[in-house]
Amino acid sequence: MKLLRSLAVALAFGTSAISAHAGNVLIVLSDSDHLDLKDGKVFATGFYLNELMQPVKALRDAGHEITFATPKGTAPAVDKTSIDKMYFGGDEAAMTDSEKQLAELGLLSRDRSPVVSLARIEQIGYDHFDAVYVPGGHAPMQDLLVSSELGKLLSYFHENGKTTALACHGPIALLSTMADAKGFVGQFETTGTARANADWIYAGYKFTVFSNREEEMAKGLLGGGEMKFYPQDALTLAGGEFSQANAPFDGHVVMDRELITGQNPASAPAVAQELLSRLK
């Protein structure tokens with residue numbers, strides 16, 4: 001039933017499931033509406049509005065079908081601090097339009113959300129999807145980085161050279177493909193270091209993610225809390241080759257083989273354009 005609702009949403013937004021030129025894009029979001037911080041503090045979060053809806057609009061306008069999933073299939077949450085026109089280049093109309101489209105999708109609704117679980121995605125078949133996209137917000141750092149279901153999906157995409165795009169804090173989800181992601185993350189949280197897996201599938205890949213200097217500049221959003229670790233450090237320790245924009249919060253996108261990563265909210269439109277290019 002959820003899959004049928006997802007298809008209905010796709011059709012309502014102008015995509016065509018039967019078009020010979022349409023691609024099937026899977027968007028994976030976090031189940032979590034918070035991030036656990038140091039000292040028992042908790043930060044209310046979710047996905048960033050522009051990081052989800054700017055690519056959704058671009059994909060929809062190009063006629064692609066979109067399926068939404070979370071590990072458990074529960075409705076995701078939007079980070080309320082991301083509902084700000086500054087993430088849309090100061091364009092309040094664009095922000096309002098994204099809010100409207102999000103409401104029409106019903107994505108946040110516990111009753112009518114089209115979101116399915118990653119177990120359901122596996123049943124449908126990974127081959128059904130031409131690309132996967134993981135937007136940011138802090139929520140992926142709560143669950144996606146250790147999701148075995150997501151690790152299985154991303155590993156399949158890697159092995160088959162299928163387009164894999166992630167933005168802002170989304171690239172932390174790449175850790176889910178490690179043989180012992182929970183062990184790596186747990187050790188890093190408690191000691192500040194961890195033994196990297198020599199056979200990690202993304203070892204040696206060039207990537208970007210929300211940078212340490214951006215994390216330091218954005219600390220105020222956490223309400224006095226402190227993150228257990230920064231994604232730049234974890235992904236670099238795991239074996240990735242990090243790069244960043246010359247100036248904090250400038251858009252920056254890195255492509256390496258099947259992988260597309262965007263550094264921050266300003267990078268989402270460029271990530272979407274690279275996705276569209278590959279779907280052609």
# chains A, B, ... in the order shown; residues from 1 in each chain; ligands from 1
>>> select_by_dssp(residues="range 26-208 of chain A", states="alpha helix (DSSP H)", output="PyMOL selection string")
chain A and resi 49-61+92-105+118-124+148-159+181-191
>>> select_by_dssp(residues="range 37-244 of chain A", states="strand (DSSP E or B)", output="ChimeraX atom specification")
/A:42-44,47,65-70,78,116-117,131-134,163-167,206-207,241-242
>>> write_last_selection(atoms="N, CA, C and O atoms", output="compact mmCIF listing (two decimals), in the first residue's frame")
# COMPACT_ATOMS: atom_id res chain seq x y z
N VAL A 42 20.48 16.38 23.92
CA VAL A 42 19.81 15.93 22.70
C VAL A 42 19.47 17.13 21.84
O VAL A 42 19.00 18.16 22.34
N PHE A 43 19.71 17.00 20.54
CA PHE A 43 19.42 18.07 19.60
C PHE A 43 18.30 17.63 18.66
O PHE A 43 18.40 16.59 18.00
N ALA A 44 17.20 18.39 18.64
CA ALA A 44 16.09 18.09 17.73
C ALA A 44 16.51 18.42 16.31
O ALA A 44 16.92 19.54 16.01
N PHE A 47 15.98 16.11 8.41
CA PHE A 47 16.62 16.46 7.15
C PHE A 47 16.51 17.97 6.93
O PHE A 47 15.63 18.63 7.49
N GLU A 65 11.06 9.24 -11.58
CA GLU A 65 10.23 8.70 -10.49
C GLU A 65 11.05 8.65 -9.21
O GLU A 65 12.22 8.25 -9.22
N ILE A 66 10.44 9.05 -8.11
CA ILE A 66 11.14 9.11 -6.83
C ILE A 66 10.45 8.20 -5.82
O ILE A 66 9.22 8.22 -5.68
N THR A 67 11.24 7.41 -5.12
CA THR A 67 10.75 6.60 -4.02
C THR A 67 11.48 7.03 -2.76
O THR A 67 12.70 7.21 -2.78
N PHE A 68 10.75 7.20 -1.68
CA PHE A 68 11.34 7.62 -0.41
C PHE A 68 11.41 6.43 0.55
O PHE A 68 10.48 5.64 0.65
N ALA A 69 12.53 6.34 1.27
CA ALA A 69 12.68 5.25 2.22
C ALA A 69 13.45 5.72 3.45
O ALA A 69 14.25 6.67 3.38
N THR A 70 13.20 5.07 4.57
CA THR A 70 14.00 5.20 5.78
C THR A 70 14.30 3.77 6.23
O THR A 70 13.65 2.83 5.79
N VAL A 78 11.65 17.03 9.54
CA VAL A 78 12.42 18.12 8.96
C VAL A 78 13.07 18.92 10.08
O VAL A 78 12.45 19.12 11.14
N VAL A 116 8.76 4.09 2.57
CA VAL A 116 8.80 2.65 2.81
C VAL A 116 10.10 2.30 3.53
O VAL A 116 11.01 3.12 3.62
N SER A 117 10.19 1.09 4.02
CA SER A 117 11.39 0.65 4.73
C SER A 117 12.46 0.18 3.75
O SER A 117 12.16 -0.18 2.59
N ALA A 131 19.59 5.34 -9.20
CA ALA A 131 20.44 6.19 -8.37
C ALA A 131 19.85 6.24 -6.97
O ALA A 131 18.65 6.02 -6.77
N VAL A 132 20.70 6.56 -6.01
CA VAL A 132 20.26 6.76 -4.63
C VAL A 132 20.81 8.10 -4.16
O VAL A 132 21.92 8.50 -4.54
N TYR A 133 20.00 8.81 -3.37
CA TYR A 133 20.41 10.10 -2.84
C TYR A 133 20.11 10.16 -1.35
O TYR A 133 19.00 9.81 -0.92
N VAL A 134 21.09 10.63 -0.57
CA VAL A 134 20.92 10.80 0.88
C VAL A 134 21.16 12.27 1.23
O VAL A 134 22.30 12.74 1.17
N THR A 163 24.90 5.09 -9.48
CA THR A 163 25.09 6.44 -8.95
C THR A 163 24.63 6.56 -7.50
O THR A 163 23.50 6.22 -7.15
N THR A 164 25.53 7.07 -6.66
CA THR A 164 25.30 7.21 -5.23
C THR A 164 25.63 8.64 -4.83
O THR A 164 26.79 9.06 -4.89
N ALA A 165 24.62 9.42 -4.44
CA ALA A 165 24.81 10.83 -4.12
C ALA A 165 24.42 11.11 -2.68
O ALA A 165 23.44 10.56 -2.18
N LEU A 166 25.20 11.95 -2.02
CA LEU A 166 24.96 12.31 -0.62
C LEU A 166 25.37 13.75 -0.41
O LEU A 166 26.34 14.22 -1.00
N ALA A 167 24.66 14.46 0.48
CA ALA A 167 24.96 15.88 0.70
C ALA A 167 25.04 16.22 2.18
O ALA A 167 24.34 15.64 3.01
N LYS A 206 37.73 10.00 -3.15
CA LYS A 206 37.68 11.43 -2.85
C LYS A 206 36.25 11.78 -2.47
O LYS A 206 35.30 11.30 -3.09
N PHE A 207 36.09 12.61 -1.45
CA PHE A 207 34.74 12.93 -0.98
C PHE A 207 34.75 14.30 -0.31
O PHE A 207 35.80 14.87 0.01
N GLU A 241 39.38 10.44 1.19
CA GLU A 241 40.26 11.58 0.93
C GLU A 241 39.39 12.84 0.84
O GLU A 241 38.72 13.09 -0.15
N PHE A 242 39.41 13.62 1.91
CA PHE A 242 38.52 14.76 2.07
C PHE A 242 39.01 15.99 1.32
O PHE A 242 40.21 16.28 1.25
>>> closest_residue(among="A:Lys152, A:His158, A:Arg110, A:Arg195", to="Gly239 in chain A", atoms="only C-alpha atoms")
A:Arg195
>>> closest_residue(among="A:Leu144, A:Leu235, A:Ala179, A:Leu107", to="Leu35 in chain A", atoms="only C-alpha atoms")
A:Leu144
>>> residues_around(residues="range 275-279 of chain A", least_positions_apart="3", cutoff="12 Å", atoms="only C-alpha atoms", output="number ranges by chain")
A: 20-27, 55-65, 129-134, 161-167, 253, 255, 257-262, 268-272
>>> closest_residue(among="A:Ser147, A:Ala77, A:Met178, A:Tyr48", to="Asp199 in chain A", atoms="only C-alpha atoms")
A:Met178
>>> residues_around(residues="Ala245 in chain A", least_positions_apart="5", cutoff="10 Å", atoms="only C-alpha atoms", output="PyMOL selection string")
chain A and resi 208+211+250-253+263-264
>>> write_last_selection(atoms="N, CA, C and O atoms", output="PDB file, in the first residue's frame")
ATOM      1  N   THR A 208      33.561  14.817  -0.058  1.00  0.00           N
ATOM      2  CA  THR A 208      33.397  15.978   0.806  1.00  0.00           C
ATOM      3  C   THR A 208      32.216  15.729   1.730  1.00  0.00           C
ATOM      4  O   THR A 208      31.404  14.821   1.501  1.00  0.00           O
ATOM      5  N   SER A 211      32.144  20.282   6.784  1.00  0.00           N
ATOM      6  CA  SER A 211      33.521  20.303   7.268  1.00  0.00           C
ATOM      7  C   SER A 211      33.634  20.641   8.744  1.00  0.00           C
ATOM      8  O   SER A 211      32.720  21.204   9.357  1.00  0.00           O
ATOM      9  N   ASP A 250      30.434  27.733   1.169  1.00  0.00           N
ATOM     10  CA  ASP A 250      30.352  27.812  -0.287  1.00  0.00           C
ATOM     11  C   ASP A 250      30.024  26.431  -0.831  1.00  0.00           C
ATOM     12  O   ASP A 250      30.428  25.413  -0.252  1.00  0.00           O
ATOM     13  N   GLY A 251      29.310  26.385  -1.944  1.00  0.00           N
ATOM     14  CA  GLY A 251      28.989  25.107  -2.551  1.00  0.00           C
ATOM     15  C   GLY A 251      30.245  24.385  -3.015  1.00  0.00           C
ATOM     16  O   GLY A 251      31.196  25.003  -3.499  1.00  0.00           O
ATOM     17  N   HIS A 252      30.256  23.068  -2.852  1.00  0.00           N
ATOM     18  CA  HIS A 252      31.404  22.252  -3.252  1.00  0.00           C
ATOM     19  C   HIS A 252      30.923  20.829  -3.472  1.00  0.00           C
ATOM     20  O   HIS A 252      30.290  20.237  -2.591  1.00  0.00           O
ATOM     21  N   VAL A 253      31.186  20.293  -4.647  1.00  0.00           N
ATOM     22  CA  VAL A 253      30.767  18.929  -4.994  1.00  0.00           C
ATOM     23  C   VAL A 253      31.971  18.145  -5.486  1.00  0.00           C
ATOM     24  O   VAL A 253      32.799  18.664  -6.245  1.00  0.00           O
ATOM     25  N   GLN A 263      29.172  19.241  -0.025  1.00  0.00           N
ATOM     26  CA  GLN A 263      29.704  19.611   1.287  1.00  0.00           C
ATOM     27  C   GLN A 263      28.675  20.160   2.263  1.00  0.00           C
ATOM     28  O   GLN A 263      28.767  19.903   3.467  1.00  0.00           O
ATOM     29  N   ASN A 264      27.694  20.913   1.779  1.00  0.00           N
ATOM     30  CA  ASN A 264      26.852  21.693   2.684  1.00  0.00           C
ATOM     31  C   ASN A 264      25.519  22.017   2.006  1.00  0.00           C
ATOM     32  O   ASN A 264      25.303  21.616   0.855  1.00  0.00           O
TER      33      ASN A 264
END
>>> residues_around(residues="Pro265 in chain A", least_positions_apart="6", cutoff="10 Å", atoms="only C-alpha atoms", output="PyMOL selection string")
chain A and resi 48-52+82+86-88+135-137+167-169+210+249-252
>>> residues_around(residues="Pro71 in chain A", least_positions_apart="5", cutoff="12 Å", atoms="only C-alpha atoms", output="PyMOL selection string")
chain A and resi 27-32+76+115-122+140+142-153+173+176
>>> closest_residue(among="A:Leu221, A:Ala247, A:Ala103, A:Ala196", to="Thr81 in chain A", atoms="only C-alpha atoms")
A:Leu221
